[in-house]
Structures are given as structure tokens and as C-alpha cells.
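**Q** Pasting a structure below so you can have a look.
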Amino acid sequence: MSLAFLQPDKKVSYIRESLTDEERLGTPNTNFYQNGKRAALIVIDMQKGYISPEPKPWVRDLSPNIREITDTMVTNVQKLIKASRDSRIPILFTGDRYLPDGSDAGIRGEKFPQLSEYMRAGQKWVDIDPRVQPNDGEPIVWKQASSGFFGTHLTPMLIDRQIDTCILAGVATSGCVRATAVDAISSNFRTVVVEECVSDKNVWAHKASLFDIWRYIATVAPLEDVLSWLRNFSGSTEQD
Amino acid sequence: MGLKFLEPDDKISYLHESLTPDDHGGLPDHDFYQKGKNPAILVIDMQRAYTSPEPKPWVREVSPGIQELVNQAIENTNTLIETARSLKVPVIYTGTRYLPDGSDCGIRREKFPKLGEYMREGLPWVDIDERLAPKYGEPIIWKKVASGFFGTYMVPILTHRNIDTCIVVGTATSGCVRAVTVDAVSANFRTVVAEECVTDRNIWAHKATLFDIWRYIATVAPLADITSWLKQLKN
């Protein structure tokens with residue numbers, strides 16, 4: 001298998017095209033998400049603490065050009081949000097947020113003391129980045145752990161909206177996006193990660209997780225494919 | 001089995017004392033919670049909407065004199081909480097709260113439109129009753145349904161504190177207290193409801209649920225037994 005997909009400008013979504021015939025035999029169905037009839041867009045952890053350009057007291061950029069990569073990703077998420085709203089696809093946001101006294105940070109607070117110190121209710125870092133601001137009626141699911149599903153009301157909220165398919169965007173690919181993808185598909189929601197709409201502080205970890213998601217967790221698709229799919233079936237997701 | 005325990009002044013906790021030997025045959029162990037080594041107090045939904053004496057736009061008192069039962073439960077809960085704090089037993093609160101736009105209410109809003117309207121973040125009704133406000137470091141677990149365990153971070157919070165036993169207090173006995181109790185014991189936490197520390201808008205529903213909890217869900221104990229056990233355990 002060619003490792004060309006590890007290059008920054010190559011996509012995991014198109015990995016199949018570079019495979020030999022023999023390799024292709026064992027690849028999964030990467031379009032199964034399009035069997036869904038009612039999709040929701042889940043925008044993961046697009047919070048000031050993780051993506052705003054302003055200097056943060058604790059975050060260091062691990063890969064060069066990470067600012068540029070993040071800003072490109074934000075622009076792509078804006079496109080996906082607009083298309084979802086146009087097609088009346090419900091949008092749900094997730095965010096990391098601890099209580100003002102940090103009393104619910106738990107072990108994660110022991111491993112990441114600064115995370116539990118800055119990502120508390122009332123601090124600006126927990127706010128969703130204004131570039132991808134939720135509209136009225138688009139809930140934010142506040143969580144303490146990586147997955148948007150763990151210890152949250154996300155599943156009942158998807159059931160309430162009769163969702164069968166989750167489209168995932170946000171940060172970080174190898175952290176909360178990946179954990180949410182595992183739980184979404186474990187809960188039997190068709191799940192697709194939109195490649196241009198996720199990013200990570202570490203480009204290598206980003207690629208490795210996308211490969212895993214593409215191969216055996218859920219699936220990964222290019223923004224273009226997801227946008228055209230949304231346009232096609234928008235009629236069936238009209239809210240009552 | 002006599003039904004004397006349905007009288008307001010009689011306690012479910014003492015029900016076994018009035019039983020005949022025959023009745024006794026199938027009785028559960030009411031003191032199993034005392035096998036726990038590391039208890040926490042769960043204070044359920046003691047929010048202004050449910051406990052404050054001020055007039056509320058939607059709540060009607062179902063049983064006469066119910067505010068008195070509420071006030072007693074608050075006073076008794078304070079006794080328990082103060083004992084717990086002095087013994088370094090963790091106190092954890094729950095509350096019902098929806099997002100400011102109500103977009104997370106779901107089906108419950110269809111059944112209780114007022115609940116979905118008034119119990120939103122930012123409105124005064126969701127605040128914990130100031131008579132038993134949490135101290136710094138005592139988490140409030142915000143939930144959207146009856147049980148404090150459903151769709152919340154409750155289990156990891158208990159695990160992080162090495163808790164093996166839940167002492168449940170608050171309101172309403174037949175609603176959120178009962179749901180929390182079922183889930184706590186289902187999650188394998190030893191679970192006891194402190195009888196004088198729980199309350200309900202309907203006295204009959206209150207008694208019926210205490211009976212169920214006592215008999216087969218978890219157990220019910222008088223406040224005095226629980227506080228003396230805590231002192232014995234932690235001293």
C-alpha cells in the first residue's frame with residue numbers, strides 16, 4: 001500500500017484510488033453513510049480554547065503551519081454548516097466544559113491540569129469560536145470526556161430528532177473526533193468524518209486517525225461528496 | 001401487614017418493627033448500606049423551582065401542608081450535609097436544567113411544557129435552594145431527565161472519588177429520587193434513602209415510593225441511623 005496519503009496535500013478519502021486491485025478487494029464500503037435518511041451534523045469542540053487564533057496560555061503549536069491548517073478547516077466547516085442549514089439538517093455542537101470549581105474534571109484533570117483549569121464554565125476559552133457560532137435551536141452538548149456521547153444526553157437528543165446518520169466535523173481528529181466517531185457508530189448511527197472539516201495539532205496523528213476511521217471505525221469522505229449528498233436528499237430531512 | 005406507615009407521622013424506616021414473624025420471612029437486609037466504606041451524599045434537585053416557598057408560575061401544591069414537609073426535608077438535609085462535610089464525606093448535587101433555547105428538552109417538553117420553559121440555564125428556578133447551597137468543590141450534575149445517572153457524568157464522578165455507597169436525599173421522592181435510587185443500585189452502589197430528607201408534592205406518592213425503595217429497590221433508613229453510622233465509619 002502506497003503511503004502517499006501521509007503527504008499533507010493528499011487525502012485519506014482518495015486512498016482507495018491508489019490501491020492495487022488486490023488491496024482494493026479487502027477495503028470496506030466507504031459510502032455506506034449515504035444509506036442514511038436523516039442526517040445530523042455534529043460539530044466537535046470548535047471552542048476558542050482549541051481553535052481561536054489568539055495566543056493561549058497553555059497551547060503550543062506542535063506542527064508548523066498549524067494556524068493555517070486550522071483556519072482552512074474552519075472555512076470548510078463554515079461551508080458544511082451553511083449547506084446543512086440550507087438542507088435543514090439538524091446541527092449539534094459539542095464542547096469541553098468543567099464546572100466553575102473544576103470538581104468534575106476527574107482523572108483527565110490530573111493528566112491535563114491546564115485543560116481543567118482553563119476549560120471551565122464562565123471562562124472565555126469554552127465559548128464556541130464565533131466563526132462557527134450555533135444558531136438558536138442548535139444545542140451545545142457540554143461534555144467532560146473525549147467522546148460527545150460519554151456521560152452526555154447526546155443519544156436521546158439524536159433520537160428526539162430521528163437521526164440515523166452522523167456527519168462529524170471539528171477537532172481534534174485523533175482525540176475527540178475519533179472518540180465521538182467510535183461511539184456514534186457503536187450506537188448504530190451511520191457515521192462519516194468529513195476530511196477537510198477536521199484537524200489536529202499534530203498532522204501525523206491526524207493522518208493516522210483518519211486512516212483508522214476510514215479503514216475500520218466508520219468512514220471518511222471528502223467535503224465535496226458530503227455536500228452533494230446533502231443537496232440530493234435534503235427534502236427528506238425537513239422538520240415537522 | 002398493617003398500613004399504619006401510610007400515616008404522615010409514621011416512618012417506613014420502622015416498618016419492620018410492626019411486622020409479624022410471618023411478614024418477616026421475606027424481608028430484605030435494611031442495613032446493607034452500612035457495609036460500604038466510602039459513601040457520598042447525593043442531593044437531588046433541591047432547586048428553587050421545587051423547594052422555595054415563593055409563588056411559582058406553574059407549580060400547584062397537591063397535598064395540603066406540603067411546604068412544611070419540604071422545609072423539614074431541607075432542615076434535615078442540612079443536618080446530614082453538615083455531618084458529611086465535617087467527616088469529609090463528598091456531597092454531590094443534581095439539578096434539572098435545559099439549554100437557554102430549550103433545544104435539549106426532547107419528549108419531556110411535550111409532556112411538561114412548563115418544565116421545558118422555566119427550567120432553563122439562566123433562569124432563577126434552576127438555582128439550588130440557597131438554604132442548602134453547595135460549597136466550592138461540591139459538583140452540581142445538571143441533567144435533563146429524572147435520573148441523575150442518565151446521560152450525565154455521574155458515574156465517573158463517583159468512580160473518581162472511590163465511592164461505593166450513595167446516600168440519597170432531595171426531591172421528589174416518587175420522581176427523581178426514585179429514578180436516581182434505581183440507577184445507583186443498578187450501577188452497584190450500595191444505596192440508602194434518608195427518610196426525613198426526601199419530599200414530594202404528593203404525600204401518598206411519597207409513601208408508596210418509600211415503601212417500594214424499602215422493600216425491593218434499595219433501602220430506606222432514618223436520618224439518625226445514617227448520621228451515627230457516618231460518624232462511626234469516619235472516626
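Residues are named by chain letter and number: chains run A, B, ... in the order of the C-alpha cells, numbers start at 1 in each chain, and ligands are numbered from 1 in the order shown.
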B:Ile66: which residues within 10 Å, counting only C-alpha atoms, same-chain residues fewer than 4 positions away excluded, as an mmCIF file with C-alpha atoms, in the first residue's frame?
**A**
data_model
loop_
_atom_site.group_PDB
_atom_site.id
_atom_site.type_symbol
_atom_site.label_atom_id
_atom_site.label_comp_id
_atom_site.auth_asym_id
_atom_site.auth_seq_id
_atom_site.Cartn_x
_atom_site.Cartn_y
_atom_site.Cartn_z
ATOM 1 C CA GLU B 61 -49.433 22.103 45.795
ATOM 2 C CA VAL B 62 -51.082 18.742 45.512
ATOM 3 C CA VAL B 70 -40.293 20.488 52.130
ATOM 4 C CA ASN B 71 -38.926 22.812 54.810
ATOM 5 C CA GLN B 72 -38.341 19.888 57.167
ATOM 6 C CA THR B 199 -40.006 15.102 49.999
ATOM 7 C CA ASP B 200 -42.727 15.054 47.375
ATOM 8 C CA ARG B 201 -45.643 17.220 46.324
ATOM 9 C CA ASN B 202 -47.969 14.310 46.891
ATOM 10 C CA ILE B 203 -47.781 12.646 50.302
#
**Q** Find the spatial neighbours of stretch 221-225 of chain B, counting only C-alpha atoms, within a cut-off of 7 Å - ignore same-chain residues fewer than 2 positions away - and output them as number ranges by chain.
**A** B: 13, 192-196, 219, 227-229
**Q** Mind the document's chain letters and residue numbers, and return as an NGL selection string the residues of stretch 58-154 of chain B that DSSP labels helix (DSSP H, G or I).
**A** :B and (66-86 or 107-111 or 113-118 or 124-126 or 130-132 or 154)
**Q** Choose the residue, out of A:Arg97, A:Lys207, A:Arg231, A:Arg131, that has the smallest atom-to-atom separation from chain B; count only C-alpha atoms.
**A**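 Using only C-alpha atoms, chain B sits closest to A:Arg97.
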**Q** If you run DSSP on the backbone, which residues of stretch 49-118 of chain A are strand (DSSP E or B), as a ChimeraX atom specification?
**A** /A:91-96,98
**Q** For A:Val194, find every residue with an atom within 8 Å (counting only C-alpha atoms), except residues of its own chain fewer than 5 positions away, and show them as a ChimeraX atom specification.
**A** /A:167-169,220-223,226
**Q** Okay, now the selection with N, CA and C atoms, as a short mmCIF file (atom, residue, chain, number, x, y, z; two decimals), in the first residue's frame?
**A**
data_model
loop_
_atom_site.label_atom_id
_atom_site.label_comp_id
_atom_site.auth_asym_id
_atom_site.auth_seq_id
_atom_site.Cartn_x
_atom_site.Cartn_y
_atom_site.Cartn_z
N ILE A 167 -22.76 13.16 10.71
CA ILE A 167 -21.66 13.74 9.92
C ILE A 167 -20.78 14.49 10.92
N LEU A 168 -19.52 14.10 11.01
CA LEU A 168 -18.66 14.68 12.04
C LEU A 168 -17.67 15.68 11.47
N ALA A 169 -17.52 16.80 12.19
CA ALA A 169 -16.53 17.81 11.85
C ALA A 169 -15.98 18.37 13.15
N VAL A 220 -14.53 7.96 6.10
CA VAL A 220 -14.04 9.32 5.87
C VAL A 220 -14.43 9.68 4.45
N ALA A 221 -14.96 10.90 4.26
CA ALA A 221 -15.36 11.31 2.91
C ALA A 221 -14.90 12.74 2.65
N PRO A 222 -14.65 13.06 1.38
CA PRO A 222 -14.28 14.44 1.07
C PRO A 222 -15.49 15.36 1.19
N LEU A 223 -15.23 16.61 1.54
CA LEU A 223 -16.29 17.60 1.73
C LEU A 223 -17.22 17.67 0.51
N VAL A 226 -19.82 14.95 0.47
CA VAL A 226 -20.84 15.12 1.51
C VAL A 226 -21.78 16.25 1.13
#
**Q** Which of these residues is nearest to chain B, using only C-alpha atoms: A:Ile91, A:Val126, A:Leu154, A:Val203?
**A**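 When distances to chain B are compared using only C-alpha atoms, the smallest one comes from A:Leu154.
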**Q** At a cut-off of 6 Å, list the chain B residues touching chain A, using only C-alpha atoms, as a list in words.
**A**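 Using only C-alpha atoms, chain B residues at most 6 Å from chain A: Asp101, Ser103, Gly106, Gly137, Pro139, Gly151, Thr152, Tyr153 and His160 of chain B.
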**Q** Could those residues be written to a file, using all heavy atoms, as a compact mmCIF listing (two decimals), in the first residue's frame?
**A**
# COMPACT_ATOMS: atom_id res chain seq x y z
N ASP B 101 -32.05 27.88 24.95
CA ASP B 101 -33.06 27.86 23.89
C ASP B 101 -33.97 26.63 23.97
O ASP B 101 -34.83 26.44 23.12
CB ASP B 101 -32.40 27.92 22.50
CG ASP B 101 -31.50 26.72 22.23
OD1 ASP B 101 -31.44 25.80 23.08
OD2 ASP B 101 -30.85 26.69 21.17
N SER B 103 -33.36 23.61 23.39
CA SER B 103 -33.21 22.67 22.28
C SER B 103 -32.82 21.26 22.73
O SER B 103 -32.69 20.37 21.91
CB SER B 103 -32.17 23.19 21.28
OG SER B 103 -30.93 23.43 21.91
N GLY B 106 -36.35 17.73 24.42
CA GLY B 106 -36.87 16.47 23.88
C GLY B 106 -38.32 16.22 24.23
O GLY B 106 -39.11 17.13 24.47
N GLY B 137 -16.15 23.06 45.33
CA GLY B 137 -15.64 21.69 45.22
C GLY B 137 -16.73 20.62 45.28
O GLY B 137 -16.44 19.45 45.12
N PRO B 139 -19.68 19.26 43.30
CA PRO B 139 -20.23 19.44 41.95
C PRO B 139 -21.75 19.43 41.90
O PRO B 139 -22.40 18.77 42.72
CB PRO B 139 -19.67 18.24 41.18
CG PRO B 139 -19.26 17.25 42.19
CD PRO B 139 -18.94 17.99 43.45
N GLY B 151 -27.50 9.92 31.04
CA GLY B 151 -26.94 10.96 30.17
C GLY B 151 -26.14 12.00 30.92
O GLY B 151 -26.12 13.17 30.53
N THR B 152 -25.48 11.59 32.00
CA THR B 152 -24.66 12.53 32.77
C THR B 152 -23.31 11.90 33.10
O THR B 152 -23.07 10.72 32.86
CB THR B 152 -25.30 12.93 34.11
OG1 THR B 152 -25.17 11.84 35.03
CG2 THR B 152 -26.75 13.30 33.96
N TYR B 153 -22.48 12.71 33.73
CA TYR B 153 -21.13 12.28 34.10
C TYR B 153 -21.10 11.75 35.53
O TYR B 153 -20.04 11.69 36.15
CB TYR B 153 -20.21 13.49 33.96
CG TYR B 153 -18.78 13.15 33.61
CD1 TYR B 153 -18.47 12.43 32.46
CD2 TYR B 153 -17.73 13.55 34.43
CE1 TYR B 153 -17.16 12.13 32.14
CE2 TYR B 153 -16.42 13.25 34.12
CZ TYR B 153 -16.14 12.54 32.97
OH TYR B 153 -14.85 12.25 32.65
N HIS B 160 -14.24 8.48 40.43
CA HIS B 160 -13.04 9.28 40.73
C HIS B 160 -12.88 9.49 42.24
O HIS B 160 -11.78 9.65 42.73
CB HIS B 160 -13.15 10.63 40.01
CG HIS B 160 -11.92 11.48 40.15
ND1 HIS B 160 -11.94 12.76 40.62
CD2 HIS B 160 -10.62 11.21 39.87
CE1 HIS B 160 -10.71 13.25 40.63
NE2 HIS B 160 -9.90 12.34 40.17
**Q** Near A:Val198, within 6 Å and counting only C-alpha atoms, which residues show up once chain neighbours fewer than 5 positions away are dropped, as a list in words?
**A** Ala169, Gly170, Val171 and Thr173 of chain A
**Q** Keeping only all heavy atoms, write the selected residues as a PDB file, in the first residue's frame.
**A**
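Printed below is again_14.pdb as written:
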ATOM      1  N   ALA A 169     -17.521  16.799  12.193  1.00  0.00           N
ATOM      2  CA  ALA A 169     -16.531  17.813  11.848  1.00  0.00           C
ATOM      3  C   ALA A 169     -15.978  18.369  13.148  1.00  0.00           C
ATOM      4  O   ALA A 169     -16.618  18.256  14.192  1.00  0.00           O
ATOM      5  CB  ALA A 169     -17.185  18.926  11.028  1.00  0.00           C
ATOM      6  N   GLY A 170     -14.778  18.956  13.099  1.00  0.00           N
ATOM      7  CA  GLY A 170     -14.255  19.610  14.299  1.00  0.00           C
ATOM      8  C   GLY A 170     -12.862  19.157  14.675  1.00  0.00           C
ATOM      9  O   GLY A 170     -12.094  18.656  13.853  1.00  0.00           O
ATOM     10  N   VAL A 171     -12.546  19.310  15.951  1.00  0.00           N
ATOM     11  CA  VAL A 171     -11.197  18.995  16.450  1.00  0.00           C
ATOM     12  C   VAL A 171     -11.296  18.138  17.705  1.00  0.00           C
ATOM     13  O   VAL A 171     -12.298  18.174  18.404  1.00  0.00           O
ATOM     14  CB  VAL A 171     -10.409  20.279  16.767  1.00  0.00           C
ATOM     15  CG1 VAL A 171     -10.158  21.077  15.513  1.00  0.00           C
ATOM     16  CG2 VAL A 171     -11.104  21.127  17.821  1.00  0.00           C
ATOM     17  N   THR A 173      -8.843  15.548  15.445  1.00  0.00           N
ATOM     18  CA  THR A 173      -9.063  14.301  14.716  1.00  0.00           C
ATOM     19  C   THR A 173      -8.705  13.067  15.557  1.00  0.00           C
ATOM     20  O   THR A 173      -9.482  12.126  15.661  1.00  0.00           O
ATOM     21  CB  THR A 173      -8.204  14.284  13.435  1.00  0.00           C
ATOM     22  OG1 THR A 173      -8.251  15.571  12.834  1.00  0.00           O
ATOM     23  CG2 THR A 173      -8.694  13.228  12.470  1.00  0.00           C
TER      24      THR A 173
END
**Q** Which neighbours of B:Arg85 fall inside 12 Å, counting only C-alpha atoms, when residues of the same chain fewer than 3 positions from it are skipped, and could you give them as a ChimeraX atom specification?
**A** /B:39-41,78-82,88-92,134-138,227,230-231,234
**Q** Can you list, as a ChimeraX atom specification, every protein, DNA or RNA residue that comes within 10 Å of B:Gly175 when you count only C-alpha atoms, leaving out same-chain residues fewer than 5 positions away?
**A** /B:145-147,180,200,205-206,209
**Q** Rounded to one decimal in Å, what is the spacing between atom CA of A:Pro57 and atom CA of A:Ala179?
**A**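 Answer for the atom CA of A:Pro57 to atom CA of A:Ala179 separation: 25.7 Å.
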**Q** Considering only C-alpha atoms, state which residue in the set B:Tyr216, B:Phe211, B:Ile157, B:Tyr98 is at the smallest distance from B:Leu6.
**A** B:Phe211
**Q** For A:Tyr14, please output as JSON, numbers by chain all residues within 12 Å (counting only C-alpha atoms; exclusion window: fewer than 4 positions along the same chain).
**A** {"A": [2, 3, 4, 5, 6, 9, 10, 18, 19, 30, 195, 210, 211, 214, 219, 220, 221, 222, 223, 225]}
**Q** Looking at only C-alpha atoms, which of A:Ala40, A:Val59, A:Ala184, A:Ile51 is the one that sits closest to A:Ser147?
**A**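 Under the stated criterion, the closest residue is A:Ala184.
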